[in-house]
file query_4.txt (compact mmCIF, C-alpha atoms)
# COMPACT_ATOMS: atom_id res chain seq x y z
CA MET A 7 78.53 102.57 82.13
CA ASN A 8 78.96 101.91 85.83
CA THR A 9 76.84 104.30 87.90
CA GLN A 10 78.38 103.40 91.28
CA PRO A 11 80.36 106.23 92.87
CA LEU A 12 84.02 106.04 91.79
CA LEU A 13 85.15 105.67 95.39
CA ASP A 14 83.03 102.52 95.84
CA GLN A 15 84.29 101.17 92.52
CA LEU A 16 87.88 101.75 93.65
CA ILE A 17 87.36 100.03 97.02
CA GLU A 18 85.67 97.09 95.26
CA ALA A 19 88.47 96.75 92.71
CA LEU A 20 91.14 96.82 95.44
CA GLN A 21 89.26 94.17 97.43
CA THR A 22 89.58 91.63 94.61
CA GLN A 23 93.31 91.32 95.31
CA PRO A 24 94.65 88.53 97.56
CA GLY A 25 95.25 89.62 101.13
CA ILE A 26 93.24 92.86 100.82
CA GLY A 27 89.97 92.75 102.75
CA PRO A 28 87.21 95.40 102.89
CA LYS A 29 88.95 97.39 105.67
CA SER A 30 92.38 97.42 103.98
CA ALA A 31 90.78 98.38 100.66
CA GLN A 32 89.06 101.33 102.35
CA ARG A 33 92.28 102.42 104.07
CA ILE A 34 94.28 102.20 100.85
CA ALA A 35 91.66 104.14 98.88
CA PHE A 36 91.40 106.96 101.43
CA GLN A 37 95.15 107.15 101.98
CA LEU A 38 95.67 107.50 98.21
CA LEU A 39 93.02 110.21 97.95
CA GLU A 40 94.13 112.15 101.02
CA ARG A 41 97.88 112.07 100.65
CA ASP A 42 99.19 110.04 97.76
CA ARG A 43 97.49 110.95 94.49
CA ASP A 44 100.75 111.05 92.54
CA ARG A 45 101.90 107.73 93.90
CA GLY A 46 98.50 106.21 93.17
CA LEU A 47 98.55 107.46 89.58
CA LYS A 48 102.01 105.97 89.21
CA LEU A 49 100.70 102.64 90.53
CA ALA A 50 97.84 102.75 88.00
CA ARG A 51 100.28 103.48 85.17
CA VAL A 52 102.77 100.75 86.14
CA LEU A 53 99.93 98.27 86.68
CA SER A 54 98.39 98.76 83.27
CA GLU A 55 101.81 98.81 81.59
CA ALA A 56 102.90 95.60 83.34
CA LEU A 57 99.67 93.78 82.53
CA THR A 58 99.79 94.67 78.86
CA LYS A 59 103.53 94.32 78.23
CA ILE A 60 104.71 91.41 80.37
CA GLY A 61 104.78 88.12 78.50
CA GLN A 62 106.75 84.91 78.95
CA CYS A 63 110.46 84.28 78.42
CA GLY A 64 111.06 82.37 75.19
CA SER A 65 113.51 80.08 76.91
CA CYS A 66 112.31 79.41 80.48
CA ARG A 67 108.67 80.60 80.33
CA THR A 68 108.92 82.94 83.34
CA PHE A 69 107.38 86.43 83.24
CA THR A 70 109.36 89.09 81.42
CA GLU A 71 108.70 92.00 79.09
CA SER A 72 111.74 91.11 76.94
CA GLU A 73 112.18 88.14 74.64
CA LEU A 74 114.46 86.47 77.19
CA CYS A 75 114.35 86.99 80.98
CA ARG A 76 117.37 88.32 82.87
CA THR A 77 118.46 84.88 84.05
CA CYS A 78 118.27 83.29 80.60
CA ALA A 79 120.00 86.26 78.97
CA SER A 80 122.80 86.37 81.55
CA PRO A 81 126.18 85.13 80.24
CA THR A 82 127.38 84.33 83.78
CA ARG A 83 124.67 81.78 84.67
CA ASP A 84 125.57 78.11 84.31
CA SER A 85 123.53 76.61 81.44
CA SER A 86 124.46 73.06 82.39
CA ILE A 87 122.20 73.11 85.48
CA LEU A 88 118.47 73.60 85.00
CA CYS A 89 116.05 73.94 87.93
CA VAL A 90 112.40 73.16 87.14
CA VAL A 91 109.83 75.00 89.26
CA GLU A 92 106.07 75.41 89.13
CA SER A 93 105.74 79.20 89.13
CA PRO A 94 107.68 82.45 88.63
CA LEU A 95 107.17 83.06 92.37
CA ASP A 96 109.36 80.02 93.04
CA VAL A 97 112.10 81.53 90.86
CA ALA A 98 111.88 84.74 92.91
CA SER A 99 112.08 82.76 96.18
CA ILE A 100 115.13 80.76 95.08
CA GLU A 101 116.86 83.88 93.75
CA GLN A 102 116.30 85.71 97.04
CA ALA A 103 117.29 82.84 99.31
CA ALA A 104 119.72 80.51 97.65
CA ASP A 105 123.15 80.74 96.12
CA TYR A 106 122.02 79.18 92.85
CA HIS A 107 123.88 79.99 89.64
CA GLY A 108 122.16 77.71 87.14
CA LYS A 109 119.14 78.47 84.99
CA TYR A 110 115.41 77.83 85.41
CA PHE A 111 112.51 76.29 83.60
CA VAL A 112 109.08 77.44 84.77
CA LEU A 113 106.14 75.08 84.23
CA MET A 114 103.44 77.66 85.07
CA GLY A 115 101.50 74.93 86.88
CA HIS A 116 101.72 71.20 87.45
CA LEU A 117 100.39 68.15 85.61
CA SER A 118 96.70 67.69 86.27
CA PRO A 119 94.96 65.71 83.51
CA ILE A 120 91.63 66.18 85.30
CA ASP A 121 91.92 69.96 84.77
CA GLY A 122 93.19 69.51 81.22
CA ILE A 123 96.78 70.40 82.16
CA THR A 124 98.87 68.13 79.94
CA PRO A 125 102.66 67.94 79.46
CA GLU A 126 102.23 70.11 76.35
CA SER A 127 100.48 72.92 78.23
CA LEU A 128 103.39 72.95 80.70
CA GLY A 129 105.82 73.31 77.79
CA LEU A 130 107.45 69.96 78.52
CA HIS A 131 108.05 69.33 74.79
CA LEU A 132 110.24 72.46 74.82
CA LEU A 133 112.07 71.13 77.88
CA GLU A 134 112.58 67.77 76.17
CA GLN A 135 114.09 69.44 73.10
CA ARG A 136 116.41 71.41 75.35
CA LEU A 137 117.54 68.31 77.24
CA LEU A 138 118.23 66.51 73.95
CA THR A 139 120.67 69.23 72.81
CA GLY A 140 123.10 67.93 75.46
CA GLU A 141 123.67 71.41 76.96
CA VAL A 142 122.03 70.51 80.28
CA LYS A 143 123.96 68.09 82.52
CA GLU A 144 121.75 68.21 85.63
CA LEU A 145 118.00 68.73 85.96
CA ILE A 146 116.99 69.85 89.47
CA VAL A 147 113.35 69.00 90.14
CA ALA A 148 111.84 71.55 92.55
CA THR A 149 108.09 71.02 92.17
CA GLY A 150 105.73 71.17 95.13
CA THR A 151 104.91 68.25 97.42
CA THR A 152 101.24 68.08 96.46
CA MET A 153 99.99 64.99 94.64
CA GLU A 154 100.14 66.87 91.32
CA GLY A 155 103.62 68.17 92.15
CA GLU A 156 104.82 64.62 92.83
CA ALA A 157 103.31 63.32 89.59
CA THR A 158 105.01 66.15 87.71
CA ALA A 159 108.31 65.31 89.43
CA HIS A 160 108.05 61.68 88.26
CA TYR A 161 107.35 62.79 84.72
CA LEU A 162 110.38 65.11 84.80
CA LYS A 163 112.61 62.33 86.15
CA ASP A 164 111.58 60.03 83.26
CA LEU A 165 112.14 62.85 80.78
CA ALA A 166 115.67 63.46 82.10
CA GLU A 167 116.52 59.77 82.11
CA SER A 168 115.42 59.24 78.54
CA ALA A 169 117.63 62.20 77.52
CA ALA A 170 120.54 60.81 79.61
CA VAL A 171 120.55 63.85 81.91
CA ILE A 172 121.10 63.47 85.67
CA ALA A 173 117.90 64.26 87.56
CA THR A 174 118.14 65.49 91.16
CA ARG A 175 115.48 66.59 93.59
CA ILE A 176 115.70 69.33 96.22
CA ALA A 177 115.74 68.01 99.79
CA TYR A 178 112.45 67.75 101.68
CA GLY A 179 112.48 67.33 105.46
CA VAL A 180 112.40 69.17 108.77
CA PRO A 181 112.74 72.95 108.14
CA MET A 182 115.92 74.60 109.44
CA GLY A 183 115.38 76.07 112.89
CA GLY A 184 112.31 73.86 113.33
CA GLU A 185 111.66 71.99 116.55
CA LEU A 186 110.84 68.32 115.92
CA GLU A 187 107.80 68.45 118.18
CA TYR A 188 106.10 71.05 115.94
CA VAL A 189 106.79 69.28 112.65
CA ASP A 190 103.86 67.36 111.12
CA GLY A 191 103.97 63.58 110.98
CA SER A 192 104.27 63.20 107.21
CA THR A 193 107.27 65.55 107.04
CA LEU A 194 108.92 63.79 109.96
CA SER A 195 108.39 60.31 108.51
CA HIS A 196 109.83 61.54 105.18
CA ALA A 197 112.81 63.09 107.01
CA ILE A 198 113.58 59.78 108.72
CA ALA A 199 113.15 57.73 105.56
CA ALA A 200 115.39 60.15 103.62
CA ARG A 201 118.15 60.25 106.29
CA ARG A 202 121.73 60.60 105.09
CA VAL A 203 125.07 59.33 106.40
CA TYR A 204 126.55 62.04 108.59
CA MET B 18 112.85 106.49 81.81
CA ASN B 19 112.88 103.74 84.42
CA THR B 20 115.08 100.83 83.35
CA GLN B 21 113.97 98.45 86.13
CA PRO B 22 112.02 95.42 84.90
CA LEU B 23 108.29 96.21 84.86
CA LEU B 24 107.57 93.37 87.29
CA ASP B 25 109.93 94.90 89.88
CA GLN B 26 108.38 98.32 89.31
CA LEU B 27 104.91 96.84 89.86
CA ILE B 28 105.91 95.05 93.08
CA GLU B 29 107.56 98.24 94.35
CA ALA B 30 104.51 100.39 93.53
CA LEU B 31 102.16 97.94 95.28
CA GLN B 32 104.40 97.90 98.34
CA THR B 33 103.92 101.63 98.93
CA GLN B 34 100.31 100.98 99.97
CA PRO B 35 99.38 100.61 103.66
CA GLY B 36 99.14 97.00 104.79
CA ILE B 37 100.90 95.59 101.72
CA GLY B 38 104.36 94.25 102.52
CA PRO B 39 106.97 92.80 100.12
CA LYS B 40 105.45 89.29 100.21
CA SER B 41 101.86 90.45 99.62
CA ALA B 42 103.01 92.76 96.82
CA GLN B 43 104.73 89.81 95.14
CA ARG B 44 101.66 87.60 95.53
CA ILE B 45 99.33 90.26 94.14
CA ALA B 46 101.60 90.94 91.16
CA PHE B 47 101.99 87.27 90.23
CA GLN B 48 98.31 86.51 90.76
CA LEU B 49 97.35 89.39 88.47
CA LEU B 50 99.79 88.25 85.79
CA GLU B 51 98.90 84.56 85.99
CA ARG B 52 95.15 84.71 86.26
CA ASP B 53 93.67 88.14 86.48
CA ARG B 54 94.95 90.45 83.75
CA ASP B 55 91.49 91.81 82.94
CA ARG B 56 90.68 92.49 86.57
CA GLY B 57 94.07 94.13 87.04
CA LEU B 58 93.55 96.41 84.05
CA LYS B 59 90.15 97.35 85.45
CA LEU B 60 91.80 98.19 88.79
CA ALA B 61 94.35 100.38 86.98
CA ARG B 62 91.58 102.19 85.10
CA VAL B 63 89.38 102.76 88.15
CA LEU B 64 92.39 103.86 90.19
CA SER B 65 93.52 106.50 87.73
CA GLU B 66 89.94 107.67 87.14
CA ALA B 67 89.24 107.93 90.88
CA LEU B 68 92.46 109.82 91.59
CA THR B 69 91.88 112.35 88.82
CA LYS B 70 88.10 112.86 89.18
CA ILE B 71 87.35 112.63 92.90
CA GLY B 72 87.24 116.03 94.59
CA GLN B 73 85.55 117.33 97.72
CA CYS B 74 81.84 117.89 98.37
CA GLY B 75 80.99 121.60 98.24
CA SER B 76 78.87 121.32 101.37
CA CYS B 77 80.52 118.80 103.74
CA ARG B 78 84.03 118.50 102.25
CA THR B 79 84.00 114.68 102.02
CA PHE B 80 85.32 112.90 98.89
CA THR B 81 82.98 112.79 95.91
CA GLU B 82 83.20 113.13 92.14
CA SER B 83 80.00 115.22 92.06
CA GLU B 84 79.46 118.75 93.29
CA LEU B 85 77.58 117.44 96.33
CA CYS B 86 78.09 114.04 97.97
CA ARG B 87 75.22 111.54 98.26
CA THR B 88 74.50 112.43 101.88
CA CYS B 89 74.39 116.18 101.28
CA ALA B 90 72.30 115.74 98.12
CA SER B 91 69.81 113.39 99.78
CA PRO B 92 66.39 114.97 100.48
CA THR B 93 65.65 112.42 103.23
CA ARG B 94 68.60 113.24 105.51
CA ASP B 95 67.91 115.55 108.44
CA SER B 96 69.68 118.88 107.89
CA SER B 97 69.09 120.01 111.46
CA ILE B 98 71.67 117.55 112.84
CA LEU B 99 75.29 117.92 111.77
CA CYS B 100 78.00 115.46 112.80
CA VAL B 101 81.57 116.79 112.61
CA VAL B 102 84.26 114.15 111.95
CA GLU B 103 87.95 114.28 111.09
CA SER B 104 88.02 112.17 107.93
CA PRO B 105 85.85 110.65 105.19
CA LEU B 106 86.74 107.23 106.66
CA ASP B 107 84.83 108.26 109.80
CA VAL B 108 81.78 109.04 107.67
CA ALA B 109 82.02 105.58 106.10
CA SER B 110 82.34 103.95 109.55
CA ILE B 111 79.32 105.78 110.97
CA GLU B 112 77.24 105.05 107.86
CA GLN B 113 78.05 101.35 108.09
CA ALA B 114 77.52 101.00 111.82
CA ALA B 115 75.05 103.52 113.12
CA ASP B 116 71.48 104.44 112.49
CA TYR B 117 72.31 108.10 111.84
CA HIS B 118 70.07 110.18 109.60
CA GLY B 119 71.62 113.62 109.94
CA LYS B 120 74.31 115.17 107.79
CA TYR B 121 78.10 115.41 108.13
CA PHE B 122 80.86 117.96 108.08
CA VAL B 123 84.32 116.55 107.38
CA LEU B 124 87.31 118.50 108.70
CA MET B 125 89.94 116.52 106.72
CA GLY B 126 92.25 116.65 109.73
CA HIS B 127 92.35 118.27 113.16
CA LEU B 128 93.61 121.58 114.53
CA SER B 129 97.38 121.52 114.83
CA PRO B 130 98.91 125.01 114.73
CA ILE B 131 102.40 123.47 114.94
CA ASP B 132 101.82 121.78 111.54
CA GLY B 133 100.16 124.89 110.12
CA ILE B 134 96.66 123.40 110.32
CA THR B 135 94.48 126.37 111.23
CA PRO B 136 90.67 126.67 111.57
CA GLU B 137 90.60 128.04 108.01
CA SER B 138 92.38 125.01 106.52
CA LEU B 139 89.78 122.77 108.19
CA GLY B 140 86.99 124.82 106.58
CA LEU B 141 85.70 125.98 109.95
CA HIS B 142 84.72 129.38 108.51
CA LEU B 143 82.33 127.50 106.20
CA LEU B 144 80.97 125.58 109.17
CA GLU B 145 80.47 128.84 111.08
CA GLN B 146 78.50 130.38 108.19
CA ARG B 147 76.36 127.25 108.05
CA LEU B 148 75.64 127.36 111.78
CA LEU B 149 74.69 131.03 111.56
CA THR B 150 71.96 130.32 108.95
CA GLY B 151 69.94 128.68 111.76
CA GLU B 152 69.33 125.48 109.77
CA VAL B 153 71.40 123.35 112.15
CA LYS B 154 69.89 122.69 115.60
CA GLU B 155 72.44 120.20 116.95
CA LEU B 156 76.16 119.87 116.28
CA ILE B 157 77.51 116.39 117.15
CA VAL B 158 81.24 116.54 117.80
CA ALA B 159 82.86 113.23 116.84
CA THR B 160 86.56 114.09 116.63
CA GLY B 161 89.25 111.68 117.85
CA THR B 162 90.52 111.44 121.42
CA THR B 163 94.04 112.56 120.60
CA MET B 164 95.27 115.86 122.02
CA GLU B 165 94.62 117.56 118.67
CA GLY B 166 91.18 115.96 118.43
CA GLU B 167 90.30 117.28 121.90
CA ALA B 168 91.50 120.78 121.02
CA THR B 169 89.41 120.66 117.84
CA ALA B 170 86.39 119.50 119.86
CA HIS B 171 86.73 122.51 122.20
CA TYR B 172 86.95 124.88 119.26
CA LEU B 173 83.81 123.31 117.75
CA LYS B 174 81.93 123.62 121.04
CA ASP B 175 82.77 127.34 121.23
CA LEU B 176 81.73 127.80 117.60
CA ALA B 177 78.36 126.14 118.23
CA GLU B 178 77.75 128.14 121.41
CA SER B 179 78.45 131.47 119.73
CA ALA B 180 75.95 130.52 117.02
CA ALA B 181 73.38 129.41 119.66
CA VAL B 182 73.46 125.80 118.39
CA ILE B 183 73.38 122.86 120.84
CA ALA B 184 76.75 121.05 120.84
CA THR B 185 76.84 117.36 121.83
CA ARG B 186 79.69 114.89 121.94
CA ILE B 187 79.60 111.17 121.15
CA ALA B 188 80.09 108.93 124.20
CA TYR B 189 83.60 107.74 125.05
CA GLY B 190 84.07 104.82 127.43
CA VAL B 191 84.40 101.05 127.71
CA PRO B 192 83.74 99.45 124.29
CA MET B 193 80.65 97.22 124.00
CA GLY B 194 81.52 93.57 124.59
CA GLY B 195 84.74 94.64 126.28
CA GLU B 196 85.92 93.04 129.50
CA LEU B 197 86.87 95.64 132.10
CA GLU B 198 90.17 93.89 132.85
CA TYR B 199 91.40 94.44 129.25
CA VAL B 200 90.40 98.11 129.04
CA ASP B 201 93.26 100.61 129.42
CA GLY B 202 93.40 102.83 132.49
CA SER B 203 92.67 106.14 130.79
CA THR B 204 89.51 104.78 129.11
CA LEU B 205 88.37 103.26 132.38
CA SER B 206 88.96 106.41 134.40
CA HIS B 207 87.04 108.40 131.75
CA ALA B 208 84.21 105.83 131.83
CA ILE B 209 83.87 106.20 135.59
CA ALA B 210 84.08 110.00 135.53
CA ALA B 211 81.45 110.13 132.75
CA ARG B 212 79.03 107.72 134.46
CA ARG B 213 75.31 108.30 133.96
CA VAL B 214 72.25 107.73 136.12
CA TYR B 215 70.90 104.27 135.25
call {"tool": "encode", "arguments": {"input": "query_4.txt", "output": "structure tokens"}}
result
Amino acid sequence: MNTQPLLDQLIEALQTQPGIGPKSAQRIAFQLLERDRDRGLKLARVLSEALTKIGQCGSCRTFTESELCRTCASPTRDSSILCVVESPLDVASIEQAADYHGKYFVLMGHLSPIDGITPESLGLHLLEQRLLTGEVKELIVATGTTMEGEATAHYLKDLAESAAVIATRIAYGVPMGGELEYVDGSTLSHAIAARRVY
Amino acid sequence: MNTQPLLDQLIEALQTQPGIGPKSAQRIAFQLLERDRDRGLKLARVLSEALTKIGQCGSCRTFTESELCRTCASPTRDSSILCVVESPLDVASIEQAADYHGKYFVLMGHLSPIDGITPESLGLHLLEQRLLTGEVKELIVATGTTMEGEATAHYLKDLAESAAVIATRIAYGVPMGGELEYVDGSTLSHAIAARRVY
């Protein structure tokens, strides 16, 4: 039994979330108590429901409370294109920004043998089975540009090749709207090396 | 029954809190799902418990789940000094920053007849009764410097005077560590008008 006042417990629990510091936690707690009790109770209800009911999609491993996520269950998405990303956040970003009509496969991480993250724990055996069915024609590799992301990308490329599926990689380079002078050296040198015929 | 996916409901509910925008809400939701389900469930539990159990202190009107808050219940705090503030957040700020050993009275707002906020809704009749018992020797007025805060401060001064209690006001002026050139004109003109013998 915690003997701290409830208000302190609430501020402490809010503070454990990313981007919420001690001052924001205090403001949120007092705002909820002063004006928003109903909204706060709704947040508590949705939070506990989401954390107990949301699992992973049986096909692409992203978060969903159903057996299949909306993208995998959709009859209008193109099953012949599969985009591999590291996290469900990446799926959300691509869905919001890009005009992409294929499907996804979410690794929930990247290869990192030192941390015990093996191809199996990323579900890559499931991906391999899927590639071998012949349904997928193109595998878009969209992992991060960290060392682990690159290693994962290589592994995915080999996997696609051995299943005779075309592997492509999203373009890395100078961001749109970016001024060359503010772009870091490694991005710039990659952008020059990866130049394309106009 | 809400048919939105739970994840969207969670992100939307988080976004209603002050200081949490769409991106932060997304990050918090995914972080909770990926790594922190236990901590998230604890947050949900504390949140709903706090919002249902926390009421107001019978003596100073601040938030507490007991009949009296810690400050009012403490035998070591000086009951002869009473600091009047607008919100429980102000109490927290003073407790964290200042070496204050008196007690508090929390208005939970400021006088604003246009919004229907009368002396009664701020509990000023309770404050008056308390002043008339003779226990309080000094009433520190620490309301905000908005027009409503000033009006409330005047009302409090009159209340103290009619109960023969000394009314004082916290100092307003140039903030400590502040450079004069960055201080706004109204603060500076107040600081000069309220100058004290060195």
call {"tool": "closest_atom_pairs", "arguments": {"input": "query_4.txt", "of": "chain B", "to": "chain A", "cutoff": "6 Å", "atoms": "only C-alpha atoms", "output": "CSV"}}
result
residue,atom,partner,partner_atom,distance
B:Leu23,CA,A:Ala56,CA,5.6
B:Leu27,CA,A:Val52,CA,5.8
B:Ala30,CA,A:Leu49,CA,5.3
B:Arg54,CA,A:Leu57,CA,5.9
B:Leu58,CA,A:Ser54,CA,5.4
B:Leu60,CA,A:Ala19,CA,5.3
B:Ala61,CA,A:Ala50,CA,4.3
B:Val63,CA,A:Leu16,CA,5.8
B:Leu64,CA,A:Ala50,CA,6.0
B:Ser65,CA,A:Leu47,CA,5.4
B:Ala67,CA,A:Leu12,CA,5.6
B:Leu68,CA,A:Arg43,CA,5.9
call {"tool": "closest_residue", "arguments": {"input": "query_4.txt", "among": "B:Asp175, B:Asp132, B:Glu152, B:Glu198", "to": "Asp95 (chain B)", "atoms": "all atoms listed in the file"}}
result
B:Glu152
call {"tool": "residues_around", "arguments": {"input": "query_4.txt", "residues": "Leu144 (chain B)", "least_positions_apart": "4", "cutoff": "8 Å", "atoms": "all atoms listed in the file", "output": "list in words"}}
result
Phe122, Gly140 and Leu148 of chain B
call {"tool": "write_last_selection", "arguments": {"input": "query_4.txt", "atoms": "C-alpha atoms", "output": "mmCIF file, keeping the file's coordinate frame"}}
result
data_model
loop_
_atom_site.group_PDB
_atom_site.id
_atom_site.type_symbol
_atom_site.label_atom_id
_atom_site.label_comp_id
_atom_site.auth_asym_id
_atom_site.auth_seq_id
_atom_site.Cartn_x
_atom_site.Cartn_y
_atom_site.Cartn_z
ATOM 1 C CA PHE B 122 80.860 117.960 108.080
ATOM 2 C CA GLY B 140 86.990 124.820 106.580
ATOM 3 C CA LEU B 148 75.640 127.360 111.780
#
call {"tool": "atom_distance", "arguments": {"input": "query_4.txt", "atom1": "CA of Thr193 (chain A)", "atom2": "CA of Ala173 (chain A)"}}
result
22.2 Å
call {"tool": "residues_around", "arguments": {"input": "query_4.txt", "residues": "Pro136 (chain B)", "least_positions_apart": "6", "cutoff": "9 Å", "atoms": "all atoms listed in the file", "output": "ChimeraX atom specification"}}
result
/B:127-128,130,142,169,172
call {"tool": "residues_around", "arguments": {"input": "query_4.txt", "residues": "Lys174 (chain B)", "least_positions_apart": "5", "cutoff": "9 Å", "atoms": "only C-alpha atoms", "output": "PyMOL selection string"}}
result
chain B and resi 156+158+169+179+183-185
call {"tool": "atom_distance", "arguments": {"input": "query_4.txt", "atom1": "CA of Pro81 (chain A)", "atom2": "CA of Leu165 (chain A)"}}
result
26.3 Å
call {"tool": "atom_distance", "arguments": {"input": "query_4.txt", "atom1": "CA of Leu162 (chain A)", "atom2": "CA of Tyr110 (chain A)"}}
result
13.7 Å
call {"tool": "axis_aligned_box", "arguments": {"input": "query_4.txt", "around": "region 148-162 of chain B", "padding_each_side": "6 Å", "output": "lines of an AutoDock Vina configuration file"}}
result
center_x = 79.9
center_y = 121.2
center_z = 115.2
size_x = 33.2
size_y = 31.6
size_z = 24.5
call {"tool": "closest_residue", "arguments": {"input": "query_4.txt", "among": "B:Met193, B:Ala115, B:Leu205, B:Ile98", "to": "Arg147 (chain B)", "atoms": "all atoms listed in the file"}}
result
B:Ile98
call {"tool": "residues_near_point", "arguments": {"input": "query_4.txt", "point": "(85.9, 110.5, 131.8)", "cutoff": "12 Å", "atoms": "all atoms listed in the file", "output": "list in words"}}
result
Thr162, Ala188, Tyr189, Gly190, Val191, Gly202, Ser203, Thr204, Leu205, Ser206, His207, Ala208, Ile209, Ala210, Ala211, Arg212 and Arg213 of chain B
